[in-house]
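Shown next: final27.cif, containing mmCIF, C-alpha atoms and all ligand atoms.
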data_protein
loop_
_atom_site.label_atom_id
_atom_site.label_comp_id
_atom_site.auth_asym_id
_atom_site.auth_seq_id
_atom_site.Cartn_x
_atom_site.Cartn_y
_atom_site.Cartn_z
CA MET Y 158 93.37 59.88 -40.65
CA LEU Y 159 94.03 56.33 -39.68
CA ASN Y 160 97.51 55.00 -39.07
CA GLN Y 161 98.69 51.48 -39.71
CA ASN Y 162 98.00 50.33 -36.16
CA SER Y 163 94.45 51.42 -36.07
CA LEU Y 164 93.91 49.97 -39.51
CA ARG Y 165 94.86 46.60 -38.14
CA SER Y 166 92.07 46.83 -35.59
CA LEU Y 167 89.46 47.44 -38.25
CA LEU Y 168 87.05 44.73 -39.09
CA THR Y 169 85.13 44.47 -42.30
CA PRO Y 170 82.00 42.41 -42.02
CA ILE Y 171 80.19 41.97 -45.30
CA LEU Y 172 76.44 42.30 -45.23
CA ILE Y 173 74.53 40.80 -48.08
CA PHE Y 174 70.96 41.53 -49.06
CA ALA Y 175 69.41 39.41 -51.71
CA THR Y 176 66.12 39.89 -53.44
CA VAL Y 177 63.53 37.38 -54.37
CA LEU Y 178 64.48 35.14 -57.15
CA ALA Y 179 61.44 33.51 -58.70
CA LEU Y 180 58.58 35.83 -59.50
CA PRO Y 181 55.31 34.81 -61.12
CA GLU Y 182 55.22 34.93 -64.92
CA GLN Y 183 52.97 37.96 -65.15
CA ALA Y 184 55.42 40.00 -63.07
CA PHE Y 185 57.94 40.03 -65.87
CA SER Y 186 57.74 42.81 -68.38
CA GLN Y 187 59.29 42.70 -71.82
CA GLY Y 188 62.93 43.71 -71.85
CA THR Y 189 63.45 47.06 -73.49
CA ALA Y 190 67.19 46.89 -74.06
CA ASP Y 191 68.83 47.15 -77.41
CA ARG Y 192 70.02 43.73 -78.44
CA ASN Y 193 73.79 43.33 -78.31
CA ALA Y 194 74.17 46.67 -76.58
CA SER Y 195 77.43 46.73 -74.71
CA PRO Y 196 77.30 47.91 -71.12
CA GLN Y 197 77.85 51.62 -70.56
CA LEU Y 198 78.52 53.68 -67.49
CA TYR Y 199 75.99 56.38 -66.55
CA LYS Y 200 76.32 58.72 -63.62
CA SER Y 201 74.05 60.94 -61.60
CA ARG Y 202 74.46 62.75 -58.31
CA ASN Y 203 74.06 59.65 -56.11
CA PHE Y 204 74.44 56.75 -58.52
CA SER Y 205 77.06 55.22 -60.70
CA LEU Y 206 75.25 52.83 -63.03
CA MET Y 207 76.86 50.25 -65.30
CA THR Y 208 74.17 48.74 -67.50
CA ASP Y 209 73.23 47.28 -70.87
CA ILE Y 210 69.77 48.83 -71.00
CA SER Y 211 69.34 51.58 -73.62
CA LYS Y 212 70.61 55.10 -73.02
CA ASP Y 213 67.07 56.41 -72.66
CA ASP Y 214 66.13 53.68 -70.21
CA ALA Y 215 69.34 54.19 -68.23
CA GLU Y 216 68.74 57.91 -67.95
CA GLY Y 217 65.12 57.26 -67.02
CA LEU Y 218 66.22 54.80 -64.34
CA LEU Y 219 68.76 57.23 -62.90
CA SER Y 220 66.17 59.95 -62.67
CA GLN Y 221 63.72 57.56 -60.97
CA LEU Y 222 66.43 56.43 -58.56
CA GLU Y 223 67.37 60.02 -57.74
CA SER Y 224 63.80 61.03 -56.95
CA MET Y 225 63.31 57.86 -54.93
CA LEU Y 226 66.51 58.54 -52.99
CA LYS Y 227 65.29 62.06 -52.21
CA LEU Y 228 62.14 60.63 -50.63
CA VAL Y 229 64.12 57.91 -48.89
CA SER Y 230 66.67 60.30 -47.36
CA GLY Y 231 63.86 62.64 -46.39
CA TYR Y 232 62.06 59.79 -44.66
CA TRP Y 233 65.06 58.50 -42.72
CA GLY Y 234 66.48 61.96 -42.22
CA ARG Y 235 69.96 61.25 -43.55
CA ARG Y 236 71.55 62.49 -46.72
CA ASN Y 237 73.27 59.86 -48.78
CA ARG Y 238 76.99 60.07 -48.06
CA LYS Y 239 78.43 58.18 -50.96
CA PRO Y 240 77.56 57.28 -54.55
CA ILE Y 241 75.77 53.95 -54.88
CA ARG Y 242 77.48 51.68 -57.41
CA MET Y 243 75.08 49.56 -59.43
CA PHE Y 244 75.30 46.86 -62.06
CA VAL Y 245 71.92 46.59 -63.75
CA ILE Y 246 71.72 43.71 -66.18
CA ASP Y 247 69.09 43.20 -68.83
CA ASP Y 248 70.71 40.40 -70.85
CA PHE Y 249 73.91 38.59 -69.95
CA ALA Y 250 74.60 38.10 -73.66
CA ASN Y 251 75.49 41.79 -73.77
CA TRP Y 252 78.20 41.47 -71.12
CA PRO Y 253 81.77 40.44 -72.02
CA GLN Y 254 83.23 37.59 -69.97
CA SER Y 255 86.04 39.82 -68.77
CA GLN Y 256 83.54 42.20 -67.21
CA LEU Y 257 81.48 39.44 -65.60
CA ALA Y 258 84.64 37.95 -64.14
CA GLN Y 259 85.22 41.14 -62.17
CA MET Y 260 81.80 41.01 -60.55
CA SER Y 261 80.83 39.20 -57.39
CA PRO Y 262 79.88 35.61 -58.29
CA ASP Y 263 77.03 35.80 -55.74
CA GLY Y 264 75.79 38.97 -57.38
CA VAL Y 265 75.89 37.42 -60.84
CA GLN Y 266 74.11 34.33 -59.58
CA SER Y 267 71.32 36.37 -57.99
CA VAL Y 268 70.74 38.31 -61.20
CA ARG Y 269 70.77 35.10 -63.26
CA GLY Y 270 68.04 33.86 -60.94
CA GLY Y 271 65.95 36.94 -61.80
CA GLY Y 272 66.66 38.99 -58.68
CA GLY Y 273 69.36 41.11 -57.18
CA LEU Y 274 71.98 41.41 -54.48
CA THR Y 275 73.44 44.30 -52.54
CA ILE Y 276 76.80 43.78 -50.96
CA THR Y 277 77.62 46.24 -48.23
CA SER Y 278 80.97 46.32 -46.52
CA VAL Y 279 81.09 48.13 -43.22
CA LYS Y 280 84.32 49.19 -41.64
CA GLY Y 281 84.45 49.98 -37.97
CA PHE Y 282 86.50 49.48 -34.86
CA VAL Y 283 85.77 46.32 -32.93
CA GLY Y 284 82.97 47.19 -30.54
CA GLY Y 285 83.16 50.81 -31.68
CA PRO Y 286 81.31 53.01 -34.12
CA LYS Y 287 80.90 52.15 -37.75
CA ILE Y 288 83.09 54.54 -39.62
CA ASP Y 289 82.69 53.77 -43.25
CA SER Y 290 80.49 51.71 -45.52
CA GLU Y 291 80.31 50.92 -49.17
CA ALA Y 292 77.65 49.22 -51.21
CA ILE Y 293 77.56 47.56 -54.59
CA VAL Y 294 74.26 46.58 -56.17
CA TYR Y 295 73.73 43.78 -58.67
CA ALA Y 296 70.24 43.72 -60.12
CA THR Y 297 68.16 42.56 -63.01
CA SER Y 298 66.62 45.51 -64.85
CA LYS Y 299 63.16 44.07 -64.30
CA HIS Y 300 60.30 44.47 -61.83
CA LYS Y 301 61.86 47.42 -59.99
CA THR Y 302 64.70 45.33 -58.62
CA PRO Y 303 67.22 48.19 -59.02
CA GLN Y 304 64.96 50.39 -56.89
CA HIS Y 305 64.57 47.69 -54.22
CA GLU Y 306 68.32 47.06 -54.02
CA ALA Y 307 69.10 50.79 -53.98
CA ILE Y 308 67.14 51.10 -50.71
CA HIS Y 309 69.36 48.40 -49.14
CA ALA Y 310 72.42 50.21 -50.44
CA TYR Y 311 71.25 53.53 -48.97
CA CYS Y 312 70.63 51.93 -45.57
CA GLY Y 313 73.90 50.01 -45.69
CA ILE Y 314 75.97 53.09 -46.57
CA ASN Y 315 74.28 55.51 -44.22
CA PHE Y 316 73.40 53.32 -41.23
CA GLY Y 317 75.81 50.43 -41.61
CA SER Y 318 72.81 48.13 -41.23
CA THR Y 319 69.42 47.50 -42.77
CA GLY Y 320 67.69 46.06 -39.72
CA PRO Y 321 65.99 42.67 -39.31
CA VAL Y 322 64.70 40.86 -42.39
CA TRP Y 323 61.04 41.87 -42.06
CA TYR Y 324 61.98 45.56 -41.81
CA SER Y 325 64.82 45.53 -44.30
CA GLU Y 326 62.94 43.73 -47.05
CA GLY Y 327 59.57 45.26 -46.19
CA MET Y 328 60.95 48.78 -46.44
CA ALA Y 329 62.91 48.01 -49.62
CA GLU Y 330 59.58 46.92 -51.14
CA VAL Y 331 57.75 49.97 -49.78
CA GLY Y 332 60.53 52.27 -50.96
CA LYS Y 333 60.71 50.91 -54.48
CA TYR Y 334 57.09 51.99 -54.98
CA TRP Y 335 57.58 55.45 -53.49
CA ARG Y 336 56.58 58.29 -55.79
CA ASP Y 337 56.45 61.92 -54.88
CA GLY Y 338 53.08 62.94 -53.47
CA GLU Y 339 51.59 59.47 -53.86
CA LYS Y 340 50.18 57.83 -50.75
CA GLY Y 341 48.06 55.02 -52.15
CA VAL Y 342 48.84 51.36 -52.64
CA ASN Y 343 50.79 50.91 -55.88
CA ALA Y 344 52.26 47.45 -55.39
CA GLY Y 345 52.23 45.12 -58.39
CA GLU Y 346 48.85 43.62 -59.26
CA TYR Y 347 50.26 40.10 -58.74
CA VAL Y 348 51.26 41.05 -55.17
CA ILE Y 349 47.73 42.22 -54.33
CA GLN Y 350 46.16 39.18 -55.99
CA TYR Y 351 48.44 36.82 -54.10
CA LEU Y 352 47.81 38.47 -50.72
CA GLN Y 353 44.04 38.40 -51.19
CA SER Y 354 44.07 34.76 -52.24
CA GLN Y 355 45.66 33.69 -48.93
CA ASP Y 356 44.57 33.51 -45.32
CA PRO Y 357 46.23 36.48 -43.59
CA LYS Y 358 49.65 35.49 -42.35
CA PRO Y 359 49.84 36.05 -38.57
CA LEU Y 360 51.84 39.17 -37.73
CA GLY Y 361 54.04 37.20 -35.36
CA ALA Y 362 55.04 34.93 -38.22
CA ILE Y 363 56.15 37.96 -40.26
CA VAL Y 364 58.23 39.69 -37.59
CA ASN Y 365 59.50 36.80 -35.47
CA ASN Y 366 60.23 33.94 -37.80
CA PRO Y 367 63.84 32.78 -37.44
CA LEU Y 368 63.48 30.54 -40.50
CA GLU Y 369 62.73 33.44 -42.79
CA ARG Y 370 65.67 35.04 -44.48
CA THR Y 371 66.49 37.57 -47.10
CA GLY Y 372 65.90 36.36 -50.64
CA ASP Y 373 63.55 33.58 -49.54
CA SER Y 374 60.47 34.06 -51.71
CA TRP Y 375 58.49 36.87 -53.29
CA GLN Y 376 55.48 35.70 -51.30
CA ASN Y 377 57.29 36.38 -48.02
CA TYR Y 378 58.31 39.76 -49.40
CA ALA Y 379 54.67 40.53 -50.10
CA TRP Y 380 53.72 39.95 -46.43
CA ARG Y 381 56.63 42.12 -45.23
CA TRP Y 382 55.52 44.84 -47.63
CA VAL Y 383 51.92 44.78 -46.30
CA LEU Y 384 53.07 45.20 -42.74
CA CYS Y 385 55.60 47.96 -43.43
CA HIS Y 386 53.23 49.79 -45.76
CA MET Y 387 50.43 49.72 -43.21
CA LEU Y 388 52.54 50.73 -40.20
CA GLY Y 389 54.10 53.54 -42.20
CA ALA Y 390 50.85 54.91 -43.61
CA ASN Y 391 48.10 54.24 -41.06
CA LYS Y 392 47.68 57.22 -38.74
CA ASN Y 393 47.33 55.00 -35.68
CA TYR Y 394 50.81 53.50 -36.10
CA SER Y 395 52.93 55.72 -38.34
CA ALA Y 396 54.23 58.01 -35.58
CA ARG Y 397 55.89 55.09 -33.81
CA PHE Y 398 57.04 53.33 -36.95
CA LYS Y 399 59.79 55.72 -37.92
CA PRO Y 400 61.51 55.76 -34.50
CA LEU Y 401 61.20 51.97 -34.41
CA GLY Y 402 62.86 51.77 -37.82
CA MET Y 403 65.65 54.16 -36.85
CA ALA Y 404 66.36 52.07 -33.74
CA LEU Y 405 66.32 48.84 -35.76
CA LEU Y 406 68.79 50.36 -38.24
CA ALA Y 407 71.01 51.38 -35.34
CA ASP Y 408 70.88 47.80 -34.02
CA LYS Y 409 69.38 48.98 -30.75
CA HIS Y 410 67.46 46.56 -28.62
CA VAL Y 411 63.96 47.25 -29.80
CA SER Y 412 61.37 45.05 -31.38
CA PHE Y 413 58.02 45.17 -33.06
CA ASP Y 414 56.43 43.52 -30.02
CA ARG Y 415 57.89 46.02 -27.59
CA VAL Y 416 56.70 49.02 -29.56
CA TYR Y 417 53.30 47.77 -30.68
CA GLY Y 418 52.50 45.08 -28.11
CA ALA Y 419 49.82 47.13 -26.38
CA GLN Y 420 48.11 47.75 -29.73
CA ALA Y 421 48.35 44.17 -30.94
CA LYS Y 422 44.61 43.62 -31.31
CA GLU Y 423 44.07 46.92 -33.10
CA ILE Y 424 46.93 46.27 -35.50
CA GLU Y 425 45.72 42.75 -36.24
CA PHE Y 426 42.22 44.08 -36.96
CA GLU Y 427 43.40 46.85 -39.28
CA TYR Y 428 45.87 44.52 -40.98
CA GLN Y 429 43.09 42.08 -41.83
CA LEU Y 430 40.82 44.89 -43.01
CA PHE Y 431 43.60 46.32 -45.17
CA LEU Y 432 44.16 42.92 -46.78
CA LYS Y 433 40.45 42.53 -47.47
CA ASP Y 434 39.83 45.99 -48.95
CA MET Y 435 43.24 46.54 -50.56
CA GLU Y 436 43.34 47.64 -54.19
CA PRO Y 437 45.52 50.00 -56.19
CA GLY Y 438 45.08 53.51 -54.79
CA TYR Y 439 43.90 52.30 -51.34
CA ARG Y 440 44.87 54.88 -48.72
CA CYS Y 441 45.75 53.53 -45.28
CA ASP Y 442 45.86 57.07 -43.93
CA LEU Y 443 42.27 57.80 -45.02
CA CYS Y 444 41.06 54.41 -43.78
CA SER Y 445 42.75 54.44 -40.37
CA TRP Y 446 40.27 53.06 -37.85
CA ASN Y 447 38.89 55.39 -35.20
CA TRP Y 448 39.69 53.75 -31.84
CA LYS Y 449 39.18 56.84 -29.72
CA THR Y 450 35.57 57.89 -30.10
CA LYS Y 451 33.25 57.01 -27.22
CA PHE Y 452 30.05 55.31 -28.29
CA ARG Y 453 26.71 55.91 -26.57
CA VAL Y 454 23.27 54.41 -26.76
CA PRO Y 455 20.98 56.84 -28.60
CA SER Y 456 17.48 57.49 -27.25
CA SER Y 457 14.47 59.35 -28.54
CA LYS Y 458 15.74 62.43 -26.71
CA THR Y 459 19.48 61.96 -27.07
CA LYS Y 460 20.37 62.07 -30.71
CA LEU Y 461 23.98 61.50 -31.66
CA LEU Y 462 25.65 63.65 -34.28
CA ALA Y 463 28.51 62.54 -36.50
CA LYS Y 464 30.14 64.25 -39.46
CA ILE Y 465 30.94 61.70 -42.13
CA ARG Y 466 33.56 62.64 -44.69
CA ALA Y 467 33.31 61.35 -48.23
CA GLU Y 468 37.04 60.68 -48.61
CA SER Y 469 37.50 58.62 -45.45
CA GLY Y 470 36.98 54.94 -44.74
CA TRP Y 471 34.72 53.70 -41.93
CA GLN Y 472 34.01 56.48 -39.43
CA ALA Y 473 32.51 56.41 -35.95
CA SER Y 474 28.79 57.30 -35.84
CA ARG Y 475 29.08 57.52 -32.02
CA ALA Y 476 26.00 55.29 -31.77
CA LYS Y 477 25.98 51.97 -29.97
CA VAL Y 478 23.19 50.07 -31.65
CA PHE Y 479 21.16 46.87 -31.18
CA SER Y 480 19.58 44.60 -33.72
CA GLY Y 481 15.80 44.72 -33.41
CA ASP Y 482 15.73 48.42 -32.53
CA THR Y 483 14.66 50.96 -35.11
CA TYR Y 484 16.67 54.16 -35.33
CA SER Y 485 15.70 57.59 -36.55
CA LEU Y 486 17.98 59.24 -39.07
CA GLU Y 487 18.50 62.78 -40.26
CA THR Y 488 21.14 63.57 -42.84
CA LYS Y 489 22.26 67.01 -43.92
CA GLY Y 490 24.78 68.08 -46.52
CA ASN Y 491 26.28 66.83 -49.76
CA TRP Y 492 29.32 65.08 -51.04
CA THR Y 493 30.91 64.28 -54.37
CA LEU Y 494 32.70 61.22 -55.73
CA SER Y 495 35.28 63.23 -57.62
CA LYS Y 496 36.72 66.70 -57.46
CA ASP Y 497 34.12 68.37 -59.65
CA GLY Y 498 31.56 65.60 -59.40
CA GLU Y 499 27.83 65.98 -59.02
CA LEU Y 500 26.63 66.93 -55.52
CA LEU Y 501 25.05 63.88 -53.94
CA THR Y 502 22.91 63.39 -50.86
CA ALA Y 503 23.25 60.40 -48.54
CA ASN Y 504 21.26 58.47 -51.14
CA GLY Y 505 24.14 58.66 -53.59
CA GLU Y 506 23.79 57.84 -57.27
CA ALA Y 507 21.22 55.49 -58.77
CA SER Y 508 23.98 52.88 -59.02
CA GLY Y 509 24.42 52.96 -55.24
CA GLU Y 510 27.80 54.66 -55.37
CA GLY Y 511 28.00 57.62 -53.00
CA GLN Y 512 25.35 56.18 -50.72
CA LEU Y 513 25.67 56.35 -46.93
CA VAL Y 514 26.42 52.80 -45.77
CA GLY Y 515 26.98 51.27 -42.35
CA ILE Y 516 28.88 48.43 -40.71
CA ILE Y 517 28.81 47.10 -37.15
CA PHE Y 518 31.99 46.67 -35.13
CA ASP Y 519 31.79 44.35 -32.15
CA ASP Y 520 34.78 42.92 -30.30
CA TYR Y 521 37.13 43.31 -33.30
CA GLU Y 522 34.66 41.72 -35.68
CA LEU Y 523 32.70 43.38 -38.44
CA SER Y 524 29.25 42.67 -39.82
CA ASP Y 525 28.61 42.82 -43.53
CA SER Y 526 28.07 46.39 -44.67
CA PHE Y 527 24.49 47.52 -45.21
CA GLU Y 528 22.70 50.40 -46.94
CA ILE Y 529 21.39 53.34 -44.97
CA GLY Y 530 20.98 56.23 -47.45
CA GLU Y 531 18.76 59.11 -46.40
CA ASN Y 532 15.81 57.12 -45.12
CA GLU Y 533 14.06 58.41 -42.02
CA SER Y 534 14.79 55.22 -40.14
CA PHE Y 535 16.97 52.14 -40.28
CA THR Y 536 17.71 48.89 -38.45
CA VAL Y 537 21.01 47.09 -37.98
CA PRO Y 538 21.98 43.43 -38.49
CA ARG Y 539 23.67 42.93 -35.11
CA ASP Y 540 24.56 44.66 -31.83
CA GLY Y 541 27.66 46.82 -31.66
CA GLN Y 542 29.22 50.12 -32.63
CA LEU Y 543 27.91 51.66 -35.83
CA PHE Y 544 30.47 52.93 -38.34
CA LEU Y 545 29.53 54.82 -41.49
CA ARG Y 546 31.05 55.80 -44.81
CA CYS Y 547 30.30 57.06 -48.29
CA ARG Y 548 30.20 54.07 -50.62
CA ASP Y 549 32.95 54.23 -53.24
CA LYS Y 550 35.71 51.98 -54.52
CA TRP Y 551 38.38 51.63 -51.84
CA GLY Y 552 41.07 52.76 -54.23
CA GLU Y 553 39.16 55.89 -55.25
CA LEU Y 554 38.37 57.66 -51.99
CA ALA Y 555 41.07 60.33 -52.19
CA ASP Y 556 39.31 62.56 -54.74
CA ASN Y 557 36.00 62.54 -52.88
CA ASN Y 558 34.84 65.71 -51.23
CA GLY Y 559 32.25 66.90 -48.76
CA VAL Y 560 30.74 66.03 -45.39
CA ILE Y 561 27.31 64.75 -44.47
CA GLU Y 562 26.02 65.33 -40.97
CA VAL Y 563 24.23 62.32 -39.58
CA ARG Y 564 21.91 62.45 -36.54
CA ILE Y 565 20.85 59.17 -35.05
CA GLY Y 566 18.15 58.69 -32.40
CA LEU Y 567 16.02 55.81 -31.18
CA LEU Y 568 12.63 55.48 -32.89
CA GLU Y 569 11.35 52.20 -31.57
CA LYS Y 570 12.70 49.58 -29.24
CA GLY Y 571 12.54 46.05 -30.54
CA GLU Y 572 12.09 42.94 -28.47
CA ARG Y 573 15.19 41.13 -27.38
CA VAL Y 574 15.99 38.26 -25.15
CA SER Y 575 18.75 39.85 -23.16
CA GLU Y 576 19.45 43.40 -22.10
CA LYS Y 577 23.12 42.55 -21.72
CA GLY Y 578 25.47 45.37 -22.45
CA ARG Y 579 22.99 48.21 -22.58
ZN ZN Y 601 66.01 42.93 -50.57
#

Please render this file's structure as structure tokens.
Ligand SMILES: [Zn+2]
Amino acid sequence: MLNQNSLRSLLTPILIFATVLALPEQAFSQGTADRNASPQLYKSRNFSLMTDISKDDAEGLLSQLESMLKLVSGYWGRRNRKPIRMFVIDDFANWPQSQLAQMSPDGVQSVRGGGGLTITSVKGFVGGPKIDSEAIVYATSKHKTPQHEAIHAYCGINFGSTGPVWYSEGMAEVGKYWRDGEKGVNAGEYVIQYLQSQDPKPLGAIVNNPLERTGDSWQNYAWRWVLCHMLGANKNYSARFKPLGMALLADKHVSFDRVYGAQAKEIEFEYQLFLKDMEPGYRCDLCSWNWKTKFRVPSSKTKLLAKIRAESGWQASRAKVFSGDTYSLETKGNWTLSKDGELLTANGEASGEGQLVGIIFDDYELSDSFEIGENESFTVPRDGQLFLRCRDKWGELADNNGVIEVRIGLLEKGERVSEKGR
């Protein structure tokens, strides 16, 4: 219990998290609310929702929010301590003036602009621990804004902070797409299209840009989402991402650069590859790059064996190869392009799907991919490390099955100007 004196030493900073205002036209779905429906209060275990969307939609939203919150609290390892109060607005015409007058003017303004706002008040002793937080969400009913804002509210209530802008907004975007058991990319189509139409934004400009702020633009949110999604899902980075996030939420002195600085080149490479190959269903965990395998130069005697899995992205062949040389190839085994699909050899289907294909990695650059199949020999377009995979749409790898063993040896040395690097 707090007495009057200690109450006087409390401070109550207000943290505000706003969401993107202007989204592209195609991002807006048709409103599903009953016209002239007056706002009603709906409650679930963790949410108290005042909204003018229909009863069915409101109950659907609450159940989505509850399952999202379960994943969110599982991820951050903290149970939600307090109900999250939300105003979700479909059409202002449904809201009486008297009710609007009781809301935060900033909240109303954000929703009018097509976005949302979460206002968190944190009580704590000066310089001491945060002791209590509350959060109120204002959100348009559209484009998963309630979900996005609910993540801010969860962080605000349970950590008293949501971390720096790139993390806070990136994770709110990641979290709003979370569905149980789903690991693939499921961001809006307009987000993917936008990202692939741009030159990749440098990572430093996402994490260290003092001019960027919450609520700035949906395009900036898209870049924050890419980074947080990749770091959270890619096997090379995910183990460090959660502790980094926990420290950022606790306002400890950590930073992206400090945690990932030594892996900067690897992250940059995988980030660019993710942007290039991204499509709905893309799995960062299955496409994590293999940085550990040692590559060797194959000879006629020393053949290198690799086991290539149908459901993974580019995988190390273990062979360091040179353009001009001809390599021997033996493939053994089968794979399928769906759970009960037809068994295929390294030649794949007539369409070329399911075929064994290669790509050359050299100093963080990739060649174009090229066909290998089950021929007895093959050549490569440039010098470097050979990576292999089963050709399939990037968003459809997860249901593939099977392994093909690949043995690579040297068949014939070509002529080359320099022996550098052999
Ligand atoms: Zn936000």

What are the centre and edge lengths in Å, to one decimal, of the axis-aligned box around all listed atoms of stretch 561-575 of chain Y with 5 Å added on each side, as AutoDock Vina command-line options?
--center_x 19.3 --center_y 51.8 --center_z -33.8 --size_x 26.0 --size_y 37.1 --size_z 31.3

Point-to-point distance in Å for atom CA of Y:Lys358 and atom CA of Y:Lys399: 23.1 Å

Using atom CA of Y:Gly402 and atom CA of Y:Pro321 as the two end points, give the distance in Å to one decimal. 9.7 Å

With only C-alpha atoms and all ligand atoms counted and 12 Å as the cut-off, give the residues of chain Y in contact with ligand ZN 601 (chain Y), each with its shortest interatomic distance in Å and the pair that gives it, as JSON lines.
{"residue": "Y:Leu172", "atom": "CA", "partner": "Y:ZN601", "partner_atom": "ZN", "distance": 11.7}
{"residue": "Y:Ile173", "atom": "CA", "partner": "Y:ZN601", "partner_atom": "ZN", "distance": 9.1}
{"residue": "Y:Phe174", "atom": "CA", "partner": "Y:ZN601", "partner_atom": "ZN", "distance": 5.4}
{"residue": "Y:Ala175", "atom": "CA", "partner": "Y:ZN601", "partner_atom": "ZN", "distance": 5.0}
{"residue": "Y:Thr176", "atom": "CA", "partner": "Y:ZN601", "partner_atom": "ZN", "distance": 4.2}
{"residue": "Y:Val177", "atom": "CA", "partner": "Y:ZN601", "partner_atom": "ZN", "distance": 7.2}
{"residue": "Y:Leu178", "atom": "CA", "partner": "Y:ZN601", "partner_atom": "ZN", "distance": 10.3}
{"residue": "Y:Ser267", "atom": "CA", "partner": "Y:ZN601", "partner_atom": "ZN", "distance": 11.2}
{"residue": "Y:Gly272", "atom": "CA", "partner": "Y:ZN601", "partner_atom": "ZN", "distance": 9.0}
{"residue": "Y:Gly273", "atom": "CA", "partner": "Y:ZN601", "partner_atom": "ZN", "distance": 7.6}
{"residue": "Y:Leu274", "atom": "CA", "partner": "Y:ZN601", "partner_atom": "ZN", "distance": 7.3}
{"residue": "Y:Thr275", "atom": "CA", "partner": "Y:ZN601", "partner_atom": "ZN", "distance": 7.8}
{"residue": "Y:Ile276", "atom": "CA", "partner": "Y:ZN601", "partner_atom": "ZN", "distance": 10.8}
{"residue": "Y:Val294", "atom": "CA", "partner": "Y:ZN601", "partner_atom": "ZN", "distance": 10.6}
{"residue": "Y:Tyr295", "atom": "CA", "partner": "Y:ZN601", "partner_atom": "ZN", "distance": 11.2}
{"residue": "Y:Ala296", "atom": "CA", "partner": "Y:ZN601", "partner_atom": "ZN", "distance": 10.5}
{"residue": "Y:Lys301", "atom": "CA", "partner": "Y:ZN601", "partner_atom": "ZN", "distance": 11.2}
{"residue": "Y:Thr302", "atom": "CA", "partner": "Y:ZN601", "partner_atom": "ZN", "distance": 8.5}
{"residue": "Y:Pro303", "atom": "CA", "partner": "Y:ZN601", "partner_atom": "ZN", "distance": 10.0}
{"residue": "Y:Gln304", "atom": "CA", "partner": "Y:ZN601", "partner_atom": "ZN", "distance": 9.8}
{"residue": "Y:His305", "atom": "CA", "partner": "Y:ZN601", "partner_atom": "ZN", "distance": 6.2}
{"residue": "Y:Glu306", "atom": "CA", "partner": "Y:ZN601", "partner_atom": "ZN", "distance": 5.9}
{"residue": "Y:Ala307", "atom": "CA", "partner": "Y:ZN601", "partner_atom": "ZN", "distance": 9.1}
{"residue": "Y:Ile308", "atom": "CA", "partner": "Y:ZN601", "partner_atom": "ZN", "distance": 8.2}
{"residue": "Y:His309", "atom": "CA", "partner": "Y:ZN601", "partner_atom": "ZN", "distance": 6.6}
{"residue": "Y:Ala310", "atom": "CA", "partner": "Y:ZN601", "partner_atom": "ZN", "distance": 9.7}
{"residue": "Y:Tyr311", "atom": "CA", "partner": "Y:ZN601", "partner_atom": "ZN", "distance": 11.9}
{"residue": "Y:Cys312", "atom": "CA", "partner": "Y:ZN601", "partner_atom": "ZN", "distance": 11.3}
{"residue": "Y:Gly313", "atom": "CA", "partner": "Y:ZN601", "partner_atom": "ZN", "distance": 11.7}
{"residue": "Y:Thr319", "atom": "CA", "partner": "Y:ZN601", "partner_atom": "ZN", "distance": 9.7}
{"residue": "Y:Gly320", "atom": "CA", "partner": "Y:ZN601", "partner_atom": "ZN", "distance": 11.4}
{"residue": "Y:Pro321", "atom": "CA", "partner": "Y:ZN601", "partner_atom": "ZN", "distance": 11.3}
{"residue": "Y:Val322", "atom": "CA", "partner": "Y:ZN601", "partner_atom": "ZN", "distance": 8.5}
{"residue": "Y:Trp323", "atom": "CA", "partner": "Y:ZN601", "partner_atom": "ZN", "distance": 9.9}
{"residue": "Y:Tyr324", "atom": "CA", "partner": "Y:ZN601", "partner_atom": "ZN", "distance": 10.0}
{"residue": "Y:Ser325", "atom": "CA", "partner": "Y:ZN601", "partner_atom": "ZN", "distance": 6.9}
{"residue": "Y:Glu326", "atom": "CA", "partner": "Y:ZN601", "partner_atom": "ZN", "distance": 4.7}
{"residue": "Y:Gly327", "atom": "CA", "partner": "Y:ZN601", "partner_atom": "ZN", "distance": 8.1}
{"residue": "Y:Met328", "atom": "CA", "partner": "Y:ZN601", "partner_atom": "ZN", "distance": 8.8}
{"residue": "Y:Ala329", "atom": "CA", "partner": "Y:ZN601", "partner_atom": "ZN", "distance": 6.0}
{"residue": "Y:Glu330", "atom": "CA", "partner": "Y:ZN601", "partner_atom": "ZN", "distance": 7.6}
{"residue": "Y:Val331", "atom": "CA", "partner": "Y:ZN601", "partner_atom": "ZN", "distance": 10.9}
{"residue": "Y:Gly332", "atom": "CA", "partner": "Y:ZN601", "partner_atom": "ZN", "distance": 10.8}
{"residue": "Y:Lys333", "atom": "CA", "partner": "Y:ZN601", "partner_atom": "ZN", "distance": 10.3}
{"residue": "Y:Arg370", "atom": "CA", "partner": "Y:ZN601", "partner_atom": "ZN", "distance": 10.0}
{"residue": "Y:Thr371", "atom": "CA", "partner": "Y:ZN601", "partner_atom": "ZN", "distance": 6.4}
{"residue": "Y:Gly372", "atom": "CA", "partner": "Y:ZN601", "partner_atom": "ZN", "distance": 6.6}
{"residue": "Y:Asp373", "atom": "CA", "partner": "Y:ZN601", "partner_atom": "ZN", "distance": 9.7}
{"residue": "Y:Ser374", "atom": "CA", "partner": "Y:ZN601", "partner_atom": "ZN", "distance": 10.5}
{"residue": "Y:Trp375", "atom": "CA", "partner": "Y:ZN601", "partner_atom": "ZN", "distance": 10.0}
{"residue": "Y:Asn377", "atom": "CA", "partner": "Y:ZN601", "partner_atom": "ZN", "distance": 11.2}
{"residue": "Y:Tyr378", "atom": "CA", "partner": "Y:ZN601", "partner_atom": "ZN", "distance": 8.4}
{"residue": "Y:Ala379", "atom": "CA", "partner": "Y:ZN601", "partner_atom": "ZN", "distance": 11.6}
{"residue": "Y:Arg381", "atom": "CA", "partner": "Y:ZN601", "partner_atom": "ZN", "distance": 10.8}
{"residue": "Y:Trp382", "atom": "CA", "partner": "Y:ZN601", "partner_atom": "ZN", "distance": 11.1}
